[in-house]
Amino acid sequence: MRLYYITANRLATQIDFVSPAVAVLSNIGILLALETPLNPPKLQTLSGLPAPHTFRVYSQMDYRKKLSASQEKAHLQNIATKIEKEMRVIRTQAETSPTLRRRWVWELVQNVRDVHHKGGVHIGIDQSDDLDQLEFMHTGKPFTADNIRFLIEQISTKDRERDESGLRTTTGKFGTGFLTTHLLSERVTVRGLAKEPELEFKKFQFDLDRSGYDLPTIAAAVESAKQSVQNLDELPTYHPYDPKAFNTSFIYHMADELSQRVAKDGLDDLHSCLPYALVLVPEVLSVSLSPGNTRFSATAAPAIAGGRVRITHVWRSEPSEQGSGASVTIATICKGLTSLSVPISLVDDKVYIQPLPPSVPRLFCDFPLVGTESFPFPAIVNNPHFEATDARDGILLTGTVRPDPLVAINRQIIRDAIELFFELLEIAVLNNWQNLYQLFNIHPLPGALPWVTADWFDENVFNPVQQRLLHARTVTTAKESEKAAMLQEDNSIYVWFPHSPRKEVRQMIWALALHWFPHCLPAKEEFELWHPLIWKECGRLTTTVLCEFVEGRETVDKLAVELVGAVVGKWLKHFYTLLDDDKQHRDVLVNTKAIFPDQHGSFRQLAELYKESGDIEEDFKDILGLLDHDVRSLLASRSFTFEIPEQRTICLQDVVDQISTRALKKAHDREAAQLCQEPFGRILKWFRENPERAPQLFPELYSQKHLLYDDEVLMENMGKAEQLDELMRDTGVGSIAELRELLIRTHRPALQITQEALASMGITSQAEWEEALKDQDLAALFSHESVPTLAMFRIAQKLIERAKIQITNHLRTLSGYDMTHVEEVAPTVLAGITKDGREIQIVARPAYSHEVIIYYTAERDVLDYEDSELWVDLGTKQRRVTLGHILKTTKIKKFPI
């Protein structure tokens, strides 16, 4: 007897001689005993075996056939080894991998694209209500014999060859990636149609079982699946074939919570990424999801930018909707096989760039490379020739010692994508696209990405893109929505973005900067959207920077000139509120920045300033300044309240003591006294005007006031007194006041016309000036050679408006004044003001040159009433001008009634 070993319907080898003839079934083959050798080779059918097994015996073995049988055994061993290895990795990473659970759906969709008909392919995904089964279906081409074998044996069909357009003929299916679908279920039922060109359609079904953990079990499962399709020839012909029907399906039996979680993660990812995949892979016509009966499809719209930018609407329809609404609109620009896509919306013929969802990968190889959402690029880059990592969670961009052609391919594609980005940016700027801040969502690598070298990314991606963006006119500014670039040509900062960890602080910074440099400030609607995107190279307007800006203006007046639509005092109060609110930087800024005005309006550090206690007369401050001690530079402005310690207080007595000490010291030094005639004269003048208070406040100085007189001046004054008596007799006047008035009327030097002079008269136009000159007394005050310019009138008008605002704001801070119904009844006359319950009118004038000329009849008429007041703005403070002040400063002692 000869014993033959048969496996998979093939004779493997002759084993031995036994008797009688017998057939024995084993788990991997059949032992066949024959009395007669199989010579010559011929087929013999074995009978008596359990159905449905039918075996054919070919011939006895020789070395060639033994080697072939060994090759078959090795092939099966390799298949089982590969499946075991990959399934072990998948099982291990199922709980920990952030991408693996999302990948399965794209492996199935990708496989469908490779079997589409010329008209495209439709996909259906149906999950049972109890979530224990998921069926993936499509209308693609039937299976070939190779397709079936490759699916069972887990062999990829990926093809490196290209078609006439440069595209690969297939993306690759049924390889390692397909194994990830077994996360849903390790046992999958496959249903489909088989078709070879010379054969009929056959409908088949088999189970794909990857649940084994050891090689024999896995090998047996592979053999079992292959056995399931061995009878295709005996099956009836399938007809009629409908290419539009879901002829292929993969049924996953989800038995546990992990399977259901994997299904959810994959379907969630499908919802996020499918709109972009439908744009990039037009062969997939639609994807339908159930339950929910949601259907995704894409339609092309007219291209824009001269046809350079393709527009695609991706529609999501549900039975409950009336019609279909556009889920996403996507703009795409291409260069060869590389494309760049961004989501947009179209409103009234304007393009608004929309944010890329953070869950959407930034790199597509026609389909999303799940995991590349961490690749920091502001658009989706697609190329079907990307060389992906084995896990398809990135592309090969790492540096290598030896040249790597796959890395070189990927790097060139990325360079092409950057050129496309530059083109898209130019189109967006030239065509006034909105929301350009969305294009700034690029930054250095967030951490270690194992598939990209950080240095290469910074040098070739981030740096060139950043520089192009910094100099593009992409920022909508707060000034009439003008567009501006972040940096100027010399790389100096132009646009300033409010910056702070706290939103409230950012909003306060923006409100302050709006009145200063709105043309360099992002629009209100966008500045918060810019905040998470700006880089360190951008202008970050922090509280510290704003303090430096204020400090750089040196004085309140210089700051006031630059503010637009804001009163400088009110602006500074808001500024100090910001300073208090930014507790993180407050103490450092308060103690180091010169941002607090003294009584000259100059900015100083708070540690340099003192509080003023009591009412120190302005004359005393003037006198002390002439005695080389500028007390106003030490005193904090009274317009604001600063936290200054009580021990840092200057009171009236301090000033009086300083005047007495300094005056007496200089008076005893005759050489120094010669240089102090002006302060000495003002002291003596104050003594004469205040005979009762002088000895009380200045007992020592007053008792030695003779030291303040200069001998030569005394002698000169005596001579002048005699001349004065003679002059008064000659002119017939009875007092010095009458003589002064006579001299003023007959001889006064002509004044030069300035914007301050115009503002002091309340004149804001050439017509008003010409009308004023009709008053001969007024005309006589000014030089005939001095002519006002249009710029003077504009500045005068601005000064008058500023004075009215400053005075109005000041009155609001005073008790007794009700400004609720204030209104302007003449250029410088305010009515509707209530003071202590009675209605009054106010004449508001600038007095920056420390004088006021009352010209308007309306002003004179108002001031003729008892319920009226004259207020002036001196720049650093506002004050009411009383009759006593006028009499005191003009020395008028007599006037007609």
# chains A, B, ... in the order shown; residues from 1 in each chain; ligands from 1

call {"tool": "residues_around", "arguments": {"residues": "Phe206 (chain A)", "least_positions_apart": "2", "cutoff": "6 Å", "atoms": "only C-alpha atoms", "output": "list in words"}}
result
Thr189, Val190 and Ser228 of chain A

call {"tool": "write_last_selection", "arguments": {"atoms": "C-alpha atoms", "output": "PDB file, in the first residue's frame"}}
result
ATOM      1  CA  THR A 189     -19.290  38.434   7.866  1.00  0.00           C
ATOM      2  CA  VAL A 190     -18.431  39.340   4.293  1.00  0.00           C
ATOM      3  CA  SER A 228     -16.017  28.782   2.132  1.00  0.00           C
TER       4      SER A 228
END

call {"tool": "residues_around", "arguments": {"residues": "region 655-668 of chain A", "least_positions_apart": "4", "cutoff": "7 Å", "atoms": "only C-alpha atoms", "output": "PyMOL selection string"}}
result
chain A and resi 624+627+651+672-673+697-698+701+707-708

call {"tool": "select_by_dssp", "arguments": {"residues": "region 425-531 of chain A", "states": "helix (DSSP H, G or I)", "output": "JSON, numbers by chain"}}
result
{"A": [425, 426, 427, 428, 429, 430, 436, 437, 438, 439, 440, 454, 455, 456, 457, 458, 459, 460, 461, 462, 463, 464, 465, 466, 467, 468, 469, 470, 503, 504, 505, 506, 507, 508, 509, 510, 511, 512, 513, 514, 518, 519, 520, 527, 528, 529, 530]}

call {"tool": "residues_around", "arguments": {"residues": "Asn435 (chain A)", "least_positions_apart": "3", "cutoff": "9 Å", "atoms": "only C-alpha atoms", "output": "ChimeraX atom specification"}}
result
/A:351-354,438-439,474-476,526

call {"tool": "residues_around", "arguments": {"residues": "Leu369 (chain A)", "least_positions_apart": "3", "cutoff": "10 Å", "atoms": "only C-alpha atoms", "output": "short mmCIF file (atom, residue, chain, number, x, y, z; two decimals) with N, CA and C atoms, in the first residue's frame"}}
result
data_model
loop_
_atom_site.label_atom_id
_atom_site.label_comp_id
_atom_site.auth_asym_id
_atom_site.auth_seq_id
_atom_site.Cartn_x
_atom_site.Cartn_y
_atom_site.Cartn_z
N THR A 99 -5.75 57.47 18.10
CA THR A 99 -6.15 57.50 16.69
C THR A 99 -6.72 56.17 16.18
N ARG A 103 -9.74 55.09 13.08
CA ARG A 103 -9.18 54.80 11.75
C ARG A 103 -10.01 53.81 10.95
N TRP A 106 -12.22 54.90 7.94
CA TRP A 106 -11.54 55.41 6.74
C TRP A 106 -10.88 54.28 5.94
N VAL A 360 -10.21 67.74 13.02
CA VAL A 360 -9.98 67.38 11.62
C VAL A 360 -8.48 67.31 11.36
N PRO A 361 -7.96 66.18 10.85
CA PRO A 361 -6.53 66.09 10.51
C PRO A 361 -6.16 67.15 9.49
N ARG A 362 -4.90 67.59 9.53
CA ARG A 362 -4.44 68.63 8.60
C ARG A 362 -3.83 68.03 7.34
N LEU A 363 -3.53 66.74 7.37
CA LEU A 363 -2.94 66.08 6.21
C LEU A 363 -3.87 64.98 5.74
N PHE A 364 -4.10 64.96 4.41
CA PHE A 364 -4.95 63.95 3.79
C PHE A 364 -4.14 63.27 2.70
N CYS A 365 -4.25 61.97 2.65
CA CYS A 365 -3.77 61.21 1.50
C CYS A 365 -5.03 60.75 0.77
N ASP A 366 -5.73 61.73 0.21
CA ASP A 366 -7.11 61.63 -0.27
C ASP A 366 -8.09 61.47 0.90
N THR A 372 -2.97 63.57 12.38
CA THR A 372 -2.24 64.75 11.92
C THR A 372 -2.96 66.05 12.28
N GLU A 373 -4.02 65.95 13.06
CA GLU A 373 -4.65 67.20 13.53
C GLU A 373 -3.69 67.99 14.42
N ASN A 382 -3.56 68.08 0.92
CA ASN A 382 -3.88 66.76 0.39
C ASN A 382 -2.97 66.43 -0.78
N PHE A 386 1.32 61.11 -0.76
CA PHE A 386 1.97 61.18 0.54
C PHE A 386 2.41 59.78 0.96
N ALA A 388 2.80 57.72 3.89
CA ALA A 388 2.33 57.76 5.27
C ALA A 388 3.12 56.79 6.14
N THR A 389 3.04 57.03 7.44
CA THR A 389 3.61 56.09 8.40
C THR A 389 2.79 54.81 8.39
N ALA A 391 1.21 53.45 10.71
CA ALA A 391 -0.04 53.64 11.44
C ALA A 391 -0.95 54.66 10.77
N ARG A 392 -0.48 55.25 9.65
CA ARG A 392 -1.23 56.26 8.91
C ARG A 392 -1.68 57.42 9.81
N ASP A 393 -0.81 57.77 10.77
CA ASP A 393 -1.09 58.91 11.64
C ASP A 393 -0.14 60.07 11.36
N GLY A 394 0.56 60.01 10.23
CA GLY A 394 1.48 61.07 9.85
C GLY A 394 2.14 60.72 8.54
N ILE A 395 3.06 61.60 8.10
CA ILE A 395 3.83 61.34 6.90
C ILE A 395 5.31 61.41 7.26
#

call {"tool": "select_by_dssp", "arguments": {"residues": "region 523-707 of chain A", "states": "strand (DSSP E or B)", "output": "list in words"}}
result
Gly539, Arg540, Leu541, Thr555, Phe596, Pro597, Asp598, Ser602, Phe603, Arg604, Tyr610, Lys611, Glu612, Ser613, Leu635, Ala636, Thr649, Ile650 and Cys651 of chain A

call {"tool": "write_last_selection", "arguments": {"atoms": "all heavy atoms", "output": "compact mmCIF listing (two decimals), in the first residue's frame"}}
result
# COMPACT_ATOMS: atom_id res chain seq x y z
N GLY A 539 2.79 92.57 17.86
CA GLY A 539 2.69 93.62 18.86
C GLY A 539 1.72 93.25 19.95
O GLY A 539 0.50 93.27 19.73
N ARG A 540 2.23 92.92 21.11
CA ARG A 540 1.37 92.55 22.24
C ARG A 540 1.18 93.76 23.13
O ARG A 540 2.12 94.20 23.81
CB ARG A 540 1.98 91.39 23.02
CG ARG A 540 2.05 90.10 22.22
CD ARG A 540 2.61 88.95 23.05
NE ARG A 540 2.56 87.69 22.32
CZ ARG A 540 2.91 86.52 22.83
NH1 ARG A 540 3.35 86.47 24.08
NH2 ARG A 540 2.85 85.41 22.11
N LEU A 541 -0.02 94.32 23.11
CA LEU A 541 -0.31 95.53 23.88
C LEU A 541 -0.72 95.12 25.29
O LEU A 541 -1.90 94.94 25.59
CB LEU A 541 -1.41 96.34 23.19
CG LEU A 541 -1.70 97.71 23.80
CD1 LEU A 541 -0.47 98.58 23.80
CD2 LEU A 541 -2.84 98.39 23.04
N THR A 555 4.06 114.48 29.12
CA THR A 555 3.13 115.42 29.76
C THR A 555 1.70 115.07 29.38
O THR A 555 1.44 114.43 28.36
CB THR A 555 3.41 116.87 29.35
OG1 THR A 555 3.07 117.04 27.97
CG2 THR A 555 4.88 117.25 29.58
N PHE A 596 2.28 109.30 36.38
CA PHE A 596 1.39 110.03 37.27
C PHE A 596 1.71 111.53 37.14
O PHE A 596 2.85 111.94 37.38
CB PHE A 596 1.56 109.56 38.72
CG PHE A 596 1.33 108.08 38.90
CD1 PHE A 596 2.39 107.18 38.91
CD2 PHE A 596 0.04 107.59 39.03
CE1 PHE A 596 2.19 105.83 39.06
CE2 PHE A 596 -0.18 106.23 39.18
CZ PHE A 596 0.90 105.35 39.20
N PRO A 597 0.73 112.36 36.77
CA PRO A 597 1.04 113.76 36.50
C PRO A 597 1.23 114.58 37.78
O PRO A 597 0.53 114.40 38.77
CB PRO A 597 -0.19 114.24 35.73
CG PRO A 597 -1.29 113.33 36.17
CD PRO A 597 -0.66 112.01 36.44
N ASP A 598 2.23 115.48 37.71
CA ASP A 598 2.37 116.47 38.77
C ASP A 598 1.50 117.67 38.42
O ASP A 598 0.72 117.63 37.47
CB ASP A 598 3.84 116.85 38.97
CG ASP A 598 4.45 117.47 37.71
OD1 ASP A 598 3.69 117.94 36.84
OD2 ASP A 598 5.69 117.48 37.59
N SER A 602 3.28 117.12 34.04
CA SER A 602 4.37 116.24 33.63
C SER A 602 4.24 114.90 34.36
O SER A 602 3.90 114.86 35.55
CB SER A 602 5.72 116.87 33.96
OG SER A 602 5.89 118.09 33.26
N PHE A 603 4.52 113.81 33.64
CA PHE A 603 4.40 112.49 34.23
C PHE A 603 5.63 112.16 35.06
O PHE A 603 6.77 112.37 34.63
CB PHE A 603 4.22 111.43 33.13
CG PHE A 603 2.88 111.50 32.45
CD1 PHE A 603 2.79 111.74 31.08
CD2 PHE A 603 1.72 111.35 33.18
CE1 PHE A 603 1.57 111.81 30.45
CE2 PHE A 603 0.47 111.41 32.55
CZ PHE A 603 0.40 111.65 31.19
N ARG A 604 5.37 111.64 36.26
CA ARG A 604 6.44 111.28 37.18
C ARG A 604 6.12 109.93 37.83
O ARG A 604 4.97 109.46 37.78
CB ARG A 604 6.63 112.35 38.27
CG ARG A 604 7.02 113.71 37.70
CD ARG A 604 7.41 114.67 38.81
NE ARG A 604 7.87 115.93 38.24
CZ ARG A 604 9.10 116.15 37.80
NH1 ARG A 604 9.99 115.18 37.85
NH2 ARG A 604 9.45 117.32 37.30
N TYR A 610 4.08 114.08 46.04
CA TYR A 610 3.49 114.33 47.35
C TYR A 610 2.04 114.73 47.17
O TYR A 610 1.64 115.28 46.15
CB TYR A 610 4.24 115.46 48.07
CG TYR A 610 5.64 115.12 48.49
CD1 TYR A 610 6.68 115.12 47.56
CD2 TYR A 610 5.94 114.81 49.81
CE1 TYR A 610 7.99 114.82 47.93
CE2 TYR A 610 7.24 114.51 50.21
CZ TYR A 610 8.25 114.51 49.26
OH TYR A 610 9.53 114.21 49.64
N LYS A 611 1.27 114.48 48.23
CA LYS A 611 -0.12 114.97 48.25
C LYS A 611 -0.12 116.44 48.69
O LYS A 611 0.70 116.85 49.50
CB LYS A 611 -0.96 114.15 49.23
CG LYS A 611 -1.30 112.77 48.73
CD LYS A 611 -2.44 112.15 49.54
CE LYS A 611 -2.07 112.00 51.01
NZ LYS A 611 -3.14 111.30 51.76
N GLU A 612 -1.09 117.17 48.18
CA GLU A 612 -1.27 118.56 48.61
C GLU A 612 -2.38 118.60 49.65
O GLU A 612 -3.49 118.12 49.41
CB GLU A 612 -1.63 119.47 47.44
CG GLU A 612 -1.87 120.91 47.85
CD GLU A 612 -2.23 121.81 46.69
OE1 GLU A 612 -2.05 121.40 45.54
OE2 GLU A 612 -2.71 122.94 46.95
N SER A 613 -2.05 119.16 50.79
CA SER A 613 -3.04 119.28 51.86
C SER A 613 -3.43 120.74 52.02
O SER A 613 -2.57 121.61 52.14
CB SER A 613 -2.46 118.75 53.18
OG SER A 613 -3.38 118.93 54.24
N LEU A 635 4.17 118.05 43.67
CA LEU A 635 2.78 117.82 44.07
C LEU A 635 2.03 117.05 42.99
O LEU A 635 2.09 117.39 41.80
CB LEU A 635 2.08 119.16 44.32
CG LEU A 635 2.56 119.93 45.55
CD1 LEU A 635 1.93 121.32 45.58
CD2 LEU A 635 2.23 119.17 46.83
N ALA A 636 1.32 116.00 43.42
CA ALA A 636 0.49 115.23 42.49
C ALA A 636 -0.67 116.08 42.00
O ALA A 636 -1.21 116.91 42.74
CB ALA A 636 -0.02 113.98 43.17
N THR A 649 3.08 114.35 52.42
CA THR A 649 2.08 115.41 52.23
C THR A 649 2.76 116.77 52.37
O THR A 649 3.59 116.98 53.27
CB THR A 649 0.95 115.29 53.27
OG1 THR A 649 0.34 114.00 53.15
CG2 THR A 649 -0.09 116.38 53.06
N ILE A 650 2.43 117.69 51.51
CA ILE A 650 2.91 119.07 51.58
C ILE A 650 1.70 119.97 51.84
O ILE A 650 0.72 119.93 51.08
CB ILE A 650 3.62 119.49 50.28
CG1 ILE A 650 4.89 118.66 50.08
CG2 ILE A 650 3.97 120.98 50.31
CD1 ILE A 650 5.63 118.96 48.79
N CYS A 651 1.78 120.75 52.91
CA CYS A 651 0.66 121.62 53.26
C CYS A 651 1.06 123.08 53.07
O CYS A 651 2.20 123.41 52.72
CB CYS A 651 0.22 121.36 54.70
SG CYS A 651 1.50 121.73 55.91

call {"tool": "closest_residue", "arguments": {"among": "A:Ala194, A:Met87, A:Ile79, A:Leu863", "to": "His239 (chain A)", "atoms": "only C-alpha atoms"}}
result
A:Ala194

call {"tool": "residues_around", "arguments": {"residues": "region 441-456 of chain A", "least_positions_apart": "2", "cutoff": "10 Å", "atoms": "only C-alpha atoms", "output": "VMD selection string"}}
result
chain A and resid 355 to 356 372 374 to 379 388 to 389 393 to 400 407 411 437 to 439 458 to 463 465 to 466 530 532 to 535

call {"tool": "residues_around", "arguments": {"residues": "Thr477 (chain A)", "least_positions_apart": "3", "cutoff": "8 Å", "atoms": "only C-alpha atoms", "output": "PDB file with C-alpha atoms, in the first residue's frame"}}
result
ATOM      1  CA  GLU A 480     -13.227 102.279   9.589  1.00  0.00           C
ATOM      2  CA  SER A 481     -12.376  98.580   9.076  1.00  0.00           C
ATOM      3  CA  GLU A 482      -9.185  99.410   7.190  1.00  0.00           C
ATOM      4  CA  LYS A 483      -6.811  96.485   6.586  1.00  0.00           C
ATOM      5  CA  ALA A 484      -3.256  96.614   7.921  1.00  0.00           C
ATOM      6  CA  PRO A 518      -7.435 103.033  16.333  1.00  0.00           C
ATOM      7  CA  HIS A 519      -5.598 102.625  13.015  1.00  0.00           C
ATOM      8  CA  CYS A 520      -3.120 100.295  14.778  1.00  0.00           C
ATOM      9  CA  LEU A 521      -5.716  98.358  16.733  1.00  0.00           C
ATOM     10  CA  PRO A 522      -7.723  95.270  15.621  1.00  0.00           C
ATOM     11  CA  ALA A 523     -11.452  95.776  15.214  1.00  0.00           C
TER      12      ALA A 523
END

call {"tool": "residues_around", "arguments": {"residues": "Phe687 (chain A)", "least_positions_apart": "3", "cutoff": "12 Å", "atoms": "only C-alpha atoms", "output": "list in words"}}
result
Asp619, Phe620, Phe680, Gly681, Arg682, Ile683, Leu684, Asn690, Pro691, Glu692, Arg693, Ala694, Pro695, Gln696, Leu697, Phe698, Pro699, Leu701, Tyr702, Ser703, Gln704, Lys705, His706 and Leu708 of chain A

call {"tool": "atom_distance", "arguments": {"atom1": "CA of Met792 (chain A)", "atom2": "CA of Ala844 (chain A)"}}
result
19.5 Å

call {"tool": "atom_distance", "arguments": {"atom1": "CA of Thr813 (chain A)", "atom2": "CA of Ile795 (chain A)"}}
result
27.2 Å
